[in-house]
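S.K.: Okay, so here is work.csv, and as you'll see once you scroll down, it has CSV, C-alpha atoms and all ligand atoms.
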chain,number,residue,atom,x,y,z
C,152,MET,CA,-36.0,12.5,63.0
C,153,SER,CA,-33.1,14.8,63.1
C,154,GLU,CA,-32.3,17.2,60.2
C,155,ARG,CA,-29.3,16.2,58.0
C,156,PHE,CA,-26.7,18.6,56.7
C,157,CYS,CA,-24.4,18.8,53.7
C,158,TYR,CA,-21.0,17.6,54.8
C,159,ARG,CA,-19.3,20.1,52.5
C,160,CYS,CA,-21.1,23.4,53.1
C,161,GLY,CA,-23.2,22.6,56.1
C,162,ILE,CA,-26.6,23.7,54.6
C,163,SER,CA,-29.6,21.8,56.0
C,164,GLU,CA,-31.4,19.2,53.8
C,165,SER,CA,-34.6,21.1,54.1
C,166,GLU,CA,-32.9,24.2,52.6
C,167,GLY,CA,-30.4,22.6,50.1
C,168,GLY,CA,-31.6,19.1,49.7
C,169,PRO,CA,-32.5,16.5,49.0
C,170,LEU,CA,-28.9,15.4,49.8
C,171,ILE,CA,-27.2,13.1,47.4
C,172,ASP,CA,-24.3,11.0,48.9
C,173,GLY,CA,-24.3,13.4,51.8
C,174,LEU,CA,-24.1,16.5,49.6
C,175,CYS,CA,-26.6,19.3,49.0
C,176,GLN,CA,-27.8,19.9,45.4
C,177,VAL,CA,-25.2,22.6,44.7
C,178,CYS,CA,-22.3,20.7,46.3
C,179,TYR,CA,-23.2,17.5,44.5
C,180,ARG,CA,-23.0,19.1,41.1
C,181,LYS,CA,-19.7,20.9,42.1
C,182,GLU,CA,-18.1,17.7,43.5
C,183,ASN,CA,-19.2,15.7,40.4
C,184,PRO,CA,-18.4,17.8,37.4
C,185,VAL,CA,-19.4,16.3,34.0
C,186,LEU,CA,-17.2,18.2,31.6
C,187,LEU,CA,-13.7,17.0,32.2
C,188,ILE,CA,-12.2,18.3,28.9
C,189,ASP,CA,-8.7,19.8,28.7
C,190,GLY,CA,-8.4,23.5,28.1
C,191,GLU,CA,-6.2,22.8,25.1
C,192,ILE,CA,-6.4,20.5,22.2
C,193,ASN,CA,-3.9,20.0,19.5
C,194,THR,CA,-4.8,18.8,16.0
C,195,GLU,CA,-3.4,18.9,12.5
C,196,LEU,CA,-4.3,19.0,8.9
C,197,CYS,CA,-2.3,18.0,5.8
C,198,GLN,CA,-0.9,21.1,4.1
C,199,ASN,CA,-0.9,19.3,0.8
C,200,CYS,CA,-4.4,17.8,0.6
C,201,GLY,CA,-6.3,19.3,3.5
C,202,SER,CA,-7.0,15.9,5.0
C,203,TYR,CA,-7.1,15.3,8.8
C,204,LYS,CA,-7.5,12.4,11.2
C,205,LYS,CA,-10.9,11.3,12.2
C,206,ARG,CA,-10.9,8.6,14.8
C,207,GLY,CA,-7.3,7.8,13.9
C,208,VAL,CA,-7.9,7.6,10.1
C,209,TRP,CA,-6.9,10.2,7.6
C,210,VAL,CA,-10.0,11.5,5.7
C,211,ASP,CA,-10.5,14.1,3.0
C,212,PRO,CA,-12.2,17.3,4.1
C,213,SER,CA,-15.7,18.2,3.0
C,214,THR,CA,-14.4,21.6,1.9
C,215,TYR,CA,-11.2,23.0,0.5
C,216,GLU,CA,-11.9,26.6,1.4
C,217,LEU,CA,-9.1,27.2,3.9
C,218,GLU,CA,-11.1,29.1,6.5
C,219,GLU,CA,-14.0,26.6,6.5
C,220,LEU,CA,-11.5,23.7,6.4
C,221,ILE,CA,-9.7,25.0,9.6
C,222,PHE,CA,-13.0,25.1,11.4
C,223,GLU,CA,-14.0,21.7,10.1
C,224,VAL,CA,-10.7,20.2,11.5
C,225,ALA,CA,-11.0,22.1,14.8
C,226,ASP,CA,-14.7,21.1,15.3
C,227,ASN,CA,-13.8,17.5,14.6
C,228,ALA,CA,-10.9,17.5,17.2
C,229,LEU,CA,-13.1,19.2,19.8
C,230,LEU,CA,-16.0,16.7,19.2
C,231,GLU,CA,-13.7,13.7,19.5
C,232,GLU,CA,-12.1,15.1,22.6
C,233,LEU,CA,-15.6,15.8,24.1
C,234,GLY,CA,-16.7,12.2,23.5
C,235,ASP,CA,-13.7,11.1,25.6
C,236,SER,CA,-14.0,13.6,28.3
C,237,LEU,CA,-17.4,13.5,29.8
C,238,ASP,CA,-17.8,11.9,33.2
C,239,GLU,CA,-18.1,8.1,32.8
C,240,ARG,CA,-21.6,8.2,34.3
C,241,VAL,CA,-22.8,9.9,31.1
C,242,GLU,CA,-23.9,7.0,29.0
C,243,ASN,CA,-25.0,9.0,26.0
C,244,PHE,CA,-24.7,12.5,24.8
C,245,GLU,CA,-26.1,14.6,21.9
C,246,VAL,CA,-24.6,17.6,20.3
C,247,VAL,CA,-27.2,20.4,19.9
C,248,SER,CA,-27.1,24.0,19.0
C,249,VAL,CA,-26.5,26.7,21.6
C,250,GLU,CA,-30.1,27.8,21.4
C,251,GLU,CA,-31.5,24.3,21.7
C,252,LEU,CA,-29.3,23.6,24.8
C,253,GLU,CA,-30.7,26.7,26.4
C,254,GLU,CA,-34.2,25.3,26.2
C,255,ILE,CA,-33.4,21.9,27.8
C,256,ASN,CA,-34.4,21.7,31.4
C,257,ASP,CA,-34.7,18.0,32.1
C,258,LEU,CA,-32.9,14.9,31.0
C,259,PRO,CA,-33.0,11.2,32.0
C,260,VAL,CA,-30.2,9.9,34.3
C,261,GLY,CA,-27.0,9.2,32.3
C,262,ALA,CA,-27.9,11.6,29.5
C,263,ALA,CA,-26.1,14.8,28.4
C,264,VAL,CA,-26.4,17.5,25.8
C,265,VAL,CA,-23.5,19.4,24.5
C,266,ALA,CA,-23.3,22.6,22.5
C,267,PHE,CA,-20.2,24.5,21.4
C,268,GLN,CA,-19.4,27.6,19.4
C,269,PRO,CA,-16.2,29.4,18.5
C,270,VAL,CA,-15.9,32.6,20.5
C,271,ASP,CA,-12.5,33.9,19.3
C,272,TRP,CA,-10.1,32.8,16.6
C,273,HIS,CA,-6.8,33.6,15.0
C,274,ILE,CA,-6.6,31.7,11.7
C,275,GLU,CA,-4.4,33.9,9.5
C,276,HIS,CA,-1.5,31.7,9.9
C,277,PHE,CA,-0.5,28.3,11.4
C,278,PRO,CA,-1.0,27.1,14.1
C,279,ALA,CA,-4.6,28.4,13.7
C,280,ILE,CA,-6.1,29.0,17.1
C,281,ILE,CA,-9.8,28.7,17.8
C,282,ILE,CA,-11.3,29.3,21.2
C,283,TYR,CA,-14.6,27.5,21.8
C,284,GLU,CA,-17.2,27.9,24.5
C,285,VAL,CA,-18.4,24.5,25.4
C,286,ARG,CA,-21.5,24.0,27.4
C,287,VAL,CA,-23.0,20.8,28.7
C,288,LYS,CA,-26.2,19.9,30.5
C,289,ALA,CA,-26.5,16.5,32.1
C,290,ARG,CA,-28.2,14.4,34.8
C,291,LEU,CA,-26.1,12.0,36.8
C,292,HIS,CA,-28.5,11.2,39.7
C,293,GLU,CA,-32.3,10.9,39.9
C,294,LEU,CA,-32.5,13.1,43.0
C,295,GLN,CA,-31.0,16.1,41.1
C,296,HIS,CA,-33.5,19.0,41.1
C,297,GLU,CA,-31.4,20.8,38.6
C,298,LEU,CA,-29.3,19.6,35.7
C,299,HIS,CA,-25.6,19.9,35.7
C,300,ASP,CA,-24.9,23.0,33.6
C,301,GLU,CA,-21.2,23.6,32.9
C,302,THR,CA,-19.4,25.9,30.6
C,303,ARG,CA,-15.7,25.8,29.7
C,304,HIS,CA,-13.4,27.5,27.2
C,305,VAL,CA,-11.3,25.2,25.1
C,306,THR,CA,-8.5,26.3,22.8
C,307,VAL,CA,-7.9,24.2,19.7
C,308,TYR,CA,-4.6,24.5,17.9
C,309,VAL,CA,-4.6,23.4,14.3
C,310,ARG,CA,-1.1,22.8,13.0
C,311,GLN,CA,0.1,21.8,9.5
C,312,THR,CA,1.6,18.5,8.7
C,313,VAL,CA,2.0,16.2,5.6
C,314,CYS,CA,-0.3,13.2,5.7
C,315,PRO,CA,1.2,9.7,5.1
C,316,ARG,CA,-0.4,9.6,1.6
C,317,CYS,CA,1.0,12.9,0.6
C,318,GLN,CA,4.4,12.0,2.0
C,319,LYS,CA,4.4,9.1,-0.4
C,320,PHE,CA,3.0,11.2,-3.2
C,321,LEU,CA,5.6,14.0,-2.7
C,322,GLY,CA,8.3,11.4,-2.4
C,323,GLY,CA,7.5,10.1,-5.9
C,324,TYR,CA,5.9,6.9,-4.8
C,325,PHE,CA,3.9,4.7,-7.1
C,326,GLU,CA,2.6,1.2,-6.8
C,327,ALA,CA,1.5,0.4,-10.4
C,328,ILE,CA,1.9,1.5,-13.9
C,329,LEU,CA,-1.1,1.7,-16.2
C,330,GLN,CA,-0.1,1.3,-19.8
C,331,VAL,CA,-2.6,2.4,-22.4
C,332,ARG,CA,-1.8,1.2,-25.9
C,333,ALA,CA,-3.6,0.4,-29.2
C,334,GLU,CA,-3.4,-2.9,-30.9
C,335,GLY,CA,-0.9,-2.8,-33.7
C,336,ARG,CA,-0.6,1.0,-34.0
C,337,PRO,CA,0.4,4.0,-31.8
C,338,LEU,CA,-2.3,5.7,-29.8
C,339,ALA,CA,-3.8,8.5,-31.9
C,340,GLU,CA,-3.8,12.1,-30.7
C,341,ASP,CA,-7.6,12.4,-30.2
C,342,GLU,CA,-7.5,9.1,-28.3
C,343,ARG,CA,-4.8,10.4,-26.0
C,344,LYS,CA,-6.9,13.4,-25.2
C,345,ALA,CA,-10.1,11.4,-24.7
C,346,ILE,CA,-8.3,8.9,-22.5
C,347,GLY,CA,-6.6,11.6,-20.5
C,348,LYS,CA,-9.9,13.2,-19.8
C,349,LEU,CA,-11.6,10.0,-18.9
C,350,VAL,CA,-8.7,9.0,-16.5
C,351,GLU,CA,-8.9,12.4,-14.8
C,352,GLU,CA,-12.6,12.1,-14.1
C,353,LYS,CA,-12.3,8.5,-13.0
C,354,VAL,CA,-9.4,9.2,-10.6
C,355,ASP,CA,-11.5,11.9,-8.9
C,356,GLU,CA,-14.2,9.3,-8.3
C,357,ILE,CA,-11.7,6.6,-7.2
C,358,MET,CA,-9.9,9.0,-4.8
C,359,ARG,CA,-13.1,9.5,-2.9
C,360,ARG,CA,-12.7,6.0,-1.6
C,361,ASP,CA,-9.1,5.1,-2.2
C,362,ARG,CA,-6.8,7.9,-1.0
C,363,MET,CA,-3.8,6.2,-2.6
C,364,GLY,CA,-5.5,6.1,-6.0
C,365,PHE,CA,-3.6,9.2,-7.2
C,366,ILE,CA,-1.7,9.6,-10.4
C,367,GLN,CA,1.9,10.2,-9.6
C,368,ASP,CA,3.0,10.9,-13.1
C,369,THR,CA,1.8,10.7,-16.7
C,370,ILE,CA,4.4,9.8,-19.4
C,371,GLU,CA,3.6,10.3,-23.1
C,372,LYS,CA,5.2,7.6,-25.1
C,373,GLU,CA,5.4,7.2,-28.9
C,374,GLU,CA,3.2,4.1,-28.6
C,375,GLY,CA,0.8,5.3,-25.9
C,376,LEU,CA,0.4,6.6,-22.4
C,377,ASP,CA,1.9,5.5,-19.1
C,378,PHE,CA,0.2,6.5,-15.9
C,379,TYR,CA,2.1,6.0,-12.6
C,380,MET,CA,-0.5,5.1,-10.0
C,381,GLY,CA,-0.5,5.3,-6.2
C,382,SER,CA,-2.5,2.0,-6.0
C,383,THR,CA,-2.8,-1.1,-8.1
C,384,SER,CA,-6.6,-1.2,-7.6
C,385,SER,CA,-6.8,2.3,-9.0
C,386,ALA,CA,-4.8,1.3,-12.1
C,387,ARG,CA,-7.2,-1.7,-12.6
C,388,LYS,CA,-10.3,0.5,-12.2
C,389,LEU,CA,-8.9,2.9,-14.8
C,390,ALA,CA,-8.1,0.1,-17.2
C,391,GLN,CA,-11.7,-1.2,-16.8
C,392,ALA,CA,-13.1,2.3,-17.5
C,393,ILE,CA,-11.0,2.7,-20.6
C,394,LYS,CA,-12.1,-0.8,-21.8
C,395,GLU,CA,-15.8,0.0,-21.3
C,396,ARG,CA,-15.4,3.2,-23.4
C,397,PHE,CA,-13.0,2.0,-26.1
C,398,GLY,CA,-13.0,-1.8,-26.0
C,399,GLY,CA,-9.8,-3.8,-25.8
C,400,THR,CA,-8.1,-6.3,-23.6
C,401,ILE,CA,-6.6,-5.9,-20.2
C,402,SER,CA,-3.5,-7.8,-19.0
C,403,GLU,CA,-1.3,-7.6,-15.9
C,404,ALA,CA,2.3,-8.3,-15.3
C,405,TYR,CA,4.5,-8.1,-12.1
C,406,GLU,CA,8.0,-6.9,-11.9
C,407,LEU,CA,10.2,-7.6,-8.9
C,408,VAL,CA,11.4,-4.2,-7.7
C,409,GLY,CA,13.1,-5.1,-4.4
C,410,VAL,CA,12.9,-6.6,-1.0
C,411,ASP,CA,11.1,-5.0,1.9
C,412,ARG,CA,13.8,-4.3,4.5
C,413,GLN,CA,11.4,-4.8,7.4
C,414,THR,CA,9.5,-7.9,6.3
C,415,SER,CA,12.2,-9.4,4.0
C,416,LYS,CA,9.3,-10.0,1.5
C,417,GLU,CA,9.8,-9.4,-2.2
C,418,VAL,CA,8.1,-6.3,-3.4
C,419,HIS,CA,6.5,-6.5,-6.8
C,420,ARG,CA,5.1,-3.8,-8.9
C,421,ALA,CA,2.1,-4.3,-11.1
C,422,SER,CA,1.8,-3.1,-14.6
C,423,VAL,CA,-1.7,-3.1,-15.9
C,424,SER,CA,-2.0,-2.8,-19.6
C,425,ILE,CA,-5.1,-1.9,-21.6
C,426,ARG,CA,-4.8,-2.4,-25.3
C,427,ILE,CA,-7.6,-0.8,-27.2
C,428,PRO,CA,-8.7,-2.2,-30.6
C,429,LYS,CA,-6.7,-1.2,-33.7
C,430,PHE,CA,-9.9,-0.3,-35.5
C,431,ARG,CA,-10.9,3.3,-35.8
C,432,LYS,CA,-13.9,5.2,-37.3
C,433,GLY,CA,-13.3,5.5,-41.0
C,434,ASP,CA,-11.1,2.4,-41.3
C,435,ILE,CA,-11.8,0.0,-44.2
C,436,VAL,CA,-12.1,-3.6,-43.0
C,437,GLU,CA,-12.8,-6.9,-44.6
C,438,ASP,CA,-14.3,-10.1,-43.2
C,439,ARG,CA,-13.2,-13.7,-44.0
C,440,ARG,CA,-15.8,-14.0,-46.8
C,441,GLY,CA,-14.4,-10.9,-48.6
C,442,ASN,CA,-17.2,-8.4,-47.5
C,443,VAL,CA,-15.7,-4.9,-47.3
C,444,TYR,CA,-16.9,-2.5,-44.7
C,445,THR,CA,-16.2,1.0,-43.5
C,446,VAL,CA,-16.0,1.4,-39.7
C,447,GLU,CA,-18.7,3.8,-38.4
C,448,GLY,CA,-17.9,3.6,-34.7
C,449,VAL,CA,-15.9,1.6,-32.1
C,450,ASP,CA,-16.8,1.2,-28.5
C,451,GLY,CA,-16.5,-1.1,-25.5
C,452,LYS,CA,-19.0,-3.6,-26.9
C,453,GLY,CA,-18.1,-3.8,-30.5
C,454,MET,CA,-18.1,-1.9,-33.8
C,455,THR,CA,-20.7,-0.4,-36.2
C,456,LEU,CA,-19.9,-1.2,-39.8
C,457,THR,CA,-21.4,-0.3,-43.1
C,458,ASN,CA,-21.2,-2.9,-45.8
C,459,LEU,CA,-19.9,-1.1,-48.9
C,460,VAL,CA,-21.9,-3.3,-51.3
C,461,THR,CA,-25.3,-3.6,-49.6
C,462,ARG,CA,-24.9,-0.2,-47.8
C,463,GLU,CA,-26.4,-1.8,-44.7
C,464,THR,CA,-25.1,-0.6,-41.4
C,465,GLU,CA,-24.6,-3.5,-38.9
C,466,ARG,CA,-23.4,-4.0,-35.3
C,467,ARG,CA,-20.8,-6.5,-34.5
C,468,ASP,CA,-19.8,-7.3,-30.9
C,469,TRP,CA,-16.1,-8.0,-30.3
C,470,LYS,CA,-16.6,-11.8,-30.2
C,471,THR,CA,-18.3,-11.7,-33.7
C,472,VAL,CA,-15.5,-9.4,-35.0
C,473,LYS,CA,-13.0,-12.1,-34.1
C,474,ARG,CA,-15.2,-15.0,-35.3
C,475,GLU,CA,-15.8,-13.4,-38.7
C,476,GLY,CA,-12.1,-12.6,-39.0
C,477,ILE,CA,-12.8,-8.9,-39.5
C,478,ASP,CA,-9.5,-7.2,-40.0
C,479,SER,CA,-7.9,-4.2,-41.6
C,480,VAL,CA,-7.4,-4.4,-45.3
C,481,GLU,CA,-5.1,-2.5,-47.6
C,482,SER,CA,-7.1,0.2,-49.3
C,483,GLU,CA,-6.6,3.2,-51.4
C,484,LYS,CA,-8.9,6.2,-51.1
C,485,ARG,CA,-9.7,8.3,-54.2
C,486,GLU,CA,-12.2,10.8,-55.4
C,487,ALA,CA,-14.3,10.4,-58.5
C,488,MET,CA,-17.0,12.4,-60.3
C,489,VAL,CA,-20.2,10.7,-61.5
C,490,THR,CA,-20.4,11.4,-65.2
C,491,SER,CA,-23.5,9.4,-66.1
C,492,ILE,CA,-26.1,7.1,-64.5
C,493,THR,CA,-28.1,4.3,-66.1
C,494,PRO,CA,-30.6,2.1,-64.3
C,495,THR,CA,-27.9,-0.5,-63.5
C,496,GLU,CA,-24.6,1.3,-63.9
C,497,VAL,CA,-22.7,4.4,-63.0
C,498,GLN,CA,-19.9,5.9,-64.9
C,499,LEU,CA,-17.2,7.7,-63.0
C,500,MET,CA,-14.1,9.8,-63.7
C,501,ASP,CA,-11.2,9.6,-61.3
C,502,MET,CA,-10.3,13.1,-60.2
C,503,GLU,CA,-6.6,12.6,-60.3
C,504,THR,CA,-6.0,10.5,-63.4
C,505,TYR,CA,-9.2,11.4,-65.3
C,506,GLU,CA,-9.6,7.8,-66.1
C,507,THR,CA,-13.2,6.8,-66.5
C,508,TYR,CA,-14.7,3.5,-65.3
C,509,GLU,CA,-18.1,1.9,-64.7
C,510,LEU,CA,-19.5,0.4,-61.5
C,511,GLU,CA,-22.7,-1.4,-60.7
C,512,ARG,CA,-25.1,1.2,-59.4
C,513,PRO,CA,-25.0,1.1,-55.6
C,514,GLY,CA,-27.9,1.4,-53.1
C,515,ILE,CA,-27.2,5.1,-52.4
C,516,GLU,CA,-28.6,8.2,-54.1
C,517,LEU,CA,-26.2,9.6,-56.8
C,518,ARG,CA,-26.3,12.6,-59.0
C,519,GLU,CA,-24.4,13.4,-62.1
C,520,GLY,CA,-21.7,15.9,-61.8
C,521,GLU,CA,-21.1,15.3,-58.1
C,522,ILE,CA,-17.9,14.1,-56.6
C,523,TYR,CA,-17.6,11.1,-54.3
C,524,HIS,CA,-15.1,9.6,-52.0
C,525,MET,CA,-14.2,6.1,-53.3
C,526,VAL,CA,-12.1,3.3,-52.0
C,527,GLU,CA,-10.2,0.6,-53.8
C,528,VAL,CA,-9.8,-2.7,-52.1
C,529,LYS,CA,-8.1,-5.6,-53.9
C,530,GLY,CA,-8.7,-4.0,-57.3
C,531,ARG,CA,-12.4,-3.4,-56.7
C,532,ARG,CA,-13.8,0.1,-56.2
C,533,TYR,CA,-16.5,1.1,-53.7
C,534,PHE,CA,-18.4,4.2,-53.0
C,535,LEU,CA,-17.7,5.6,-49.5
C,536,ARG,CA,-19.8,8.8,-49.4
C,537,LYS,CA,-20.5,12.0,-51.2
C,538,LYS,CA,-17.7,14.7,-51.0
C,539,GLU,CA,-19.0,17.6,-48.9
R,601,ZN,ZN,-23.4,21.8,50.2
R,602,ZN,ZN,-2.2,14.9,2.4
Give the structure from this file in structure tokens form.
M.R.:
Amino acid sequence: MSERFCYRCGISESEGGPLIDGLCQVCYRKENPVLLIDGEINTELCQNCGSYKKRGVWVDPSTYELEELIFEVADNALLEELGDSLDERVENFEVVSVEELEEINDLPVGAAVVAFQPVDWHIEHFPAIIIYEVRVKARLHELQHELHDETRHVTVYVRQTVCPRCQKFLGGYFEAILQVRAEGRPLAEDERKAIGKLVEEKVDEIMRRDRMGFIQDTIEKEEGLDFYMGSTSSARKLAQAIKERFGGTISEAYELVGVDRQTSKEVHRASVSIRIPKFRKGDIVEDRRGNVYTVEGVDGKGMTLTNLVTRETERRDWKTVKREGIDSVESEKREAMVTSITPTEVQLMDMETYETYELERPGIELREGEIYHMVEVKGRRYFLRKKE
């Protein structure tokens, strides 16, 4: 049998073989490079929010520290480019560290390992420039004695742009208005603060999944708060969160704001309203049967009430509040001093008018000479609590 020779370099098969497709081992690897990546890659990040495109979709970065962020964006662009620029005979590849790659000496046919590291960079201003050394090892043919082992330098340019979301945000865009109101009264100062804080926390959470969930603007109104929201679903989620904390009812309305020039469809804007209950801690309320209570607490599920006669503290869910006709009642708060106590009665003196009067002794501990907060409802006086 006559000796075969590499058609490219002329080396004999016994010296440089076995031949693959007529090529010696070295020429086969040279003629069939694996790493077909461009020497230059261009990518961009949003100068407003730091997001960048991952497989065509804008995503938030995992860090906002600028230097780390630039590397995150550049790494991602390099990796995506790598995935698209290995020889088509590579069926799967794995990214490993430079050290791990060094140790790998064999791979199954169709497999590759890739490692990359930045070797030089200029990131003080944009475009930021990062030069990577990329190394790949691979096997394309079963007769290969040695793996492909190729190294290339790739320059990644990271430029600044404004992502579509931020373009909308910076352009004043909003999709829905969230209106926060209280039933039958303006929203109180402490409620405004608590709701503002709750909304802020919730928006952070929403934005992790809904990039359009931003607050475009917050308007303080006499009756309550208006939040201009980037997405309707975000407005709905916030309304739900407020309802869970404060109780209340949610309603939605749509307003025609124009016609889309491209689709000729009508464009509607949602306003989502959450109306929190009118009751507040410290309110005096009365039920249908004339029982008078002081409100101890209000939340998403209902109210805690103390019956001013029995002194019992009771829970009422919102359904029951409605069913029992519990509602605000006109009341006058006063202060009075206990002047004498008998087994069944208490004598008091009003602190303003010095008028004295008797009440049935209530189920709370009283002491002569002490001053109490009283409340008068429909001509009847009740003890609220001791004056601190
Ligand atoms: Zn050769
Ligand atoms: Zn952005």
S.K.: Tell me which protein, DNA and RNA residues are within 12 Å of C:Ser482, counting all atoms listed in the file, leaving out same-chain ones fewer than 6 positions away, and put them as an mmCIF file with C-alpha atoms, keeping the file's coordinate frame.
M.R.:
data_model
loop_
_atom_site.group_PDB
_atom_site.id
_atom_site.type_symbol
_atom_site.label_atom_id
_atom_site.label_comp_id
_atom_site.auth_asym_id
_atom_site.auth_seq_id
_atom_site.Cartn_x
_atom_site.Cartn_y
_atom_site.Cartn_z
ATOM 1 C CA GLY C 433 -13.300 5.500 -41.000
ATOM 2 C CA ASP C 434 -11.100 2.400 -41.300
ATOM 3 C CA ILE C 435 -11.800 0.000 -44.200
ATOM 4 C CA VAL C 436 -12.100 -3.600 -43.000
ATOM 5 C CA GLU C 437 -12.800 -6.900 -44.600
ATOM 6 C CA VAL C 443 -15.700 -4.900 -47.300
ATOM 7 C CA TYR C 444 -16.900 -2.500 -44.700
ATOM 8 C CA THR C 445 -16.200 1.000 -43.500
ATOM 9 C CA MET C 525 -14.200 6.100 -53.300
ATOM 10 C CA VAL C 526 -12.100 3.300 -52.000
ATOM 11 C CA GLU C 527 -10.200 0.600 -53.800
ATOM 12 C CA VAL C 528 -9.800 -2.700 -52.100
ATOM 13 C CA LYS C 529 -8.100 -5.600 -53.900
ATOM 14 C CA GLY C 530 -8.700 -4.000 -57.300
ATOM 15 C CA ARG C 531 -12.400 -3.400 -56.700
ATOM 16 C CA ARG C 532 -13.800 0.100 -56.200
ATOM 17 C CA TYR C 533 -16.500 1.100 -53.700
ATOM 18 C CA LEU C 535 -17.700 5.600 -49.500
#
S.K.: Can you check which parts of chain C lie within 7 Å of ligand ZN 602 (chain R)? Per residue, the shortest pair of atoms and distance in Å to one decimal, counting only C-alpha atoms and all ligand atoms, sorted by chain and number, as CSV.
M.R.:
residue,atom,partner,partner_atom,distance
C:Cys197,CA,R:ZN602,ZN,4.6
C:Gln198,CA,R:ZN602,ZN,6.6
C:Asn199,CA,R:ZN602,ZN,4.9
C:Cys200,CA,R:ZN602,ZN,4.1
C:Gly201,CA,R:ZN602,ZN,6.1
C:Ser202,CA,R:ZN602,ZN,5.5
C:Val313,CA,R:ZN602,ZN,5.4
C:Cys314,CA,R:ZN602,ZN,4.2
C:Pro315,CA,R:ZN602,ZN,6.8
C:Arg316,CA,R:ZN602,ZN,5.7
C:Cys317,CA,R:ZN602,ZN,4.2
S.K.: For those residues, write C-alpha atoms to a file as a PDB file, in the coordinates of the input.
M.R.:
ATOM      1  CA  CYS C 197      -2.300  18.000   5.800  1.00  0.00           C
ATOM      2  CA  GLN C 198      -0.900  21.100   4.100  1.00  0.00           C
ATOM      3  CA  ASN C 199      -0.900  19.300   0.800  1.00  0.00           C
ATOM      4  CA  CYS C 200      -4.400  17.800   0.600  1.00  0.00           C
ATOM      5  CA  GLY C 201      -6.300  19.300   3.500  1.00  0.00           C
ATOM      6  CA  SER C 202      -7.000  15.900   5.000  1.00  0.00           C
ATOM      7  CA  VAL C 313       2.000  16.200   5.600  1.00  0.00           C
ATOM      8  CA  CYS C 314      -0.300  13.200   5.700  1.00  0.00           C
ATOM      9  CA  PRO C 315       1.200   9.700   5.100  1.00  0.00           C
ATOM     10  CA  ARG C 316      -0.400   9.600   1.600  1.00  0.00           C
ATOM     11  CA  CYS C 317       1.000  12.900   0.600  1.00  0.00           C
TER      12      CYS C 317
END
S.K.: Please identify every polymer residue within 12 Å of ligand ZN 601 (chain R), using only C-alpha atoms and all ligand atoms, and present the set as a short mmCIF file (atom, residue, chain, number, x, y, z; two decimals) with C-alpha atoms, keeping the file's coordinate frame.
M.R.:
data_model
loop_
_atom_site.label_atom_id
_atom_site.label_comp_id
_atom_site.auth_asym_id
_atom_site.auth_seq_id
_atom_site.Cartn_x
_atom_site.Cartn_y
_atom_site.Cartn_z
CA ARG C 155 -29.30 16.20 58.00
CA PHE C 156 -26.70 18.60 56.70
CA CYS C 157 -24.40 18.80 53.70
CA TYR C 158 -21.00 17.60 54.80
CA ARG C 159 -19.30 20.10 52.50
CA CYS C 160 -21.10 23.40 53.10
CA GLY C 161 -23.20 22.60 56.10
CA ILE C 162 -26.60 23.70 54.60
CA SER C 163 -29.60 21.80 56.00
CA GLU C 164 -31.40 19.20 53.80
CA SER C 165 -34.60 21.10 54.10
CA GLU C 166 -32.90 24.20 52.60
CA GLY C 167 -30.40 22.60 50.10
CA GLY C 168 -31.60 19.10 49.70
CA PRO C 169 -32.50 16.50 49.00
CA LEU C 170 -28.90 15.40 49.80
CA ILE C 171 -27.20 13.10 47.40
CA ASP C 172 -24.30 11.00 48.90
CA GLY C 173 -24.30 13.40 51.80
CA LEU C 174 -24.10 16.50 49.60
CA CYS C 175 -26.60 19.30 49.00
CA GLN C 176 -27.80 19.90 45.40
CA VAL C 177 -25.20 22.60 44.70
CA CYS C 178 -22.30 20.70 46.30
CA TYR C 179 -23.20 17.50 44.50
CA ARG C 180 -23.00 19.10 41.10
CA LYS C 181 -19.70 20.90 42.10
CA GLU C 182 -18.10 17.70 43.50
#
S.K.: For each of C:Ile282, C:Val307, C:Glu356, C:Ile427, take the minimum atom-to-atom distance to C:Glu342, counting all atoms listed in the file, then give the residue where this is smallest.
M.R.: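 Once distances to C:Glu342 are computed over all atoms listed in the file, the minimum belongs to C:Ile427.
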S.K.: Calculated over all atoms listed in the file, which of the candidates C:Val418, C:Val354, C:Met380, C:Val208 has the smallest distance to C:Gly323?
M.R.: C:Met380
S.K.: What lies within 8 Å of C:Ser402 using all atoms listed in the file, ignoring chain neighbours under 3 positions off, as a PDB file with C-alpha atoms, in the coordinates of the input?
M.R.:
ATOM      1  CA  VAL C 423      -1.700  -3.100 -15.900  1.00  0.00           C
ATOM      2  CA  SER C 424      -2.000  -2.800 -19.600  1.00  0.00           C
ATOM      3  CA  ILE C 425      -5.100  -1.900 -21.600  1.00  0.00           C
TER       4      ILE C 425
END
S.K.: Just give me the gap between atom CA of C:Glu417 and atom CA of C:Ala390 in Å, one decimal is fine.
M.R.: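 That distance, rounded to one decimal, is 25.2 Å.
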S.K.: Counting all atoms listed in the file, figure out which residue out of C:Lys204, C:Lys429, C:Lys344, C:Arg336 gets nearest to C:Ala225.
M.R.: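 Smallest distance to C:Ala225 is found for C:Lys204.
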S.K.: Between atom CA of C:Arg286 and atom CA of C:Phe267, what is the distance, to one decimal in Å?
M.R.: 6.2 Å
S.K.: Mind pulling up the distance from atom CA of C:Arg310 to atom CA of C:Thr214?
M.R.: 17.4 Å
S.K.: Using all atoms listed in the file, which residues sit within 10 Å of stretch 346-350 of chain C once same-chain residues fewer than 5 positions away are excluded, as JSON, numbers by chain?
M.R.: {"C": [331, 338, 340, 341, 355, 356, 366, 369, 376, 378, 386, 388, 389, 390, 392, 393, 396, 397]}
S.K.: Applying 8 Å and only C-alpha atoms, which residues near C:Leu252 remain after dropping the ones on its own chain fewer than 2 positions away? List them as number ranges by chain.
M.R.: C: 247-250, 254-255, 264-266, 287-288
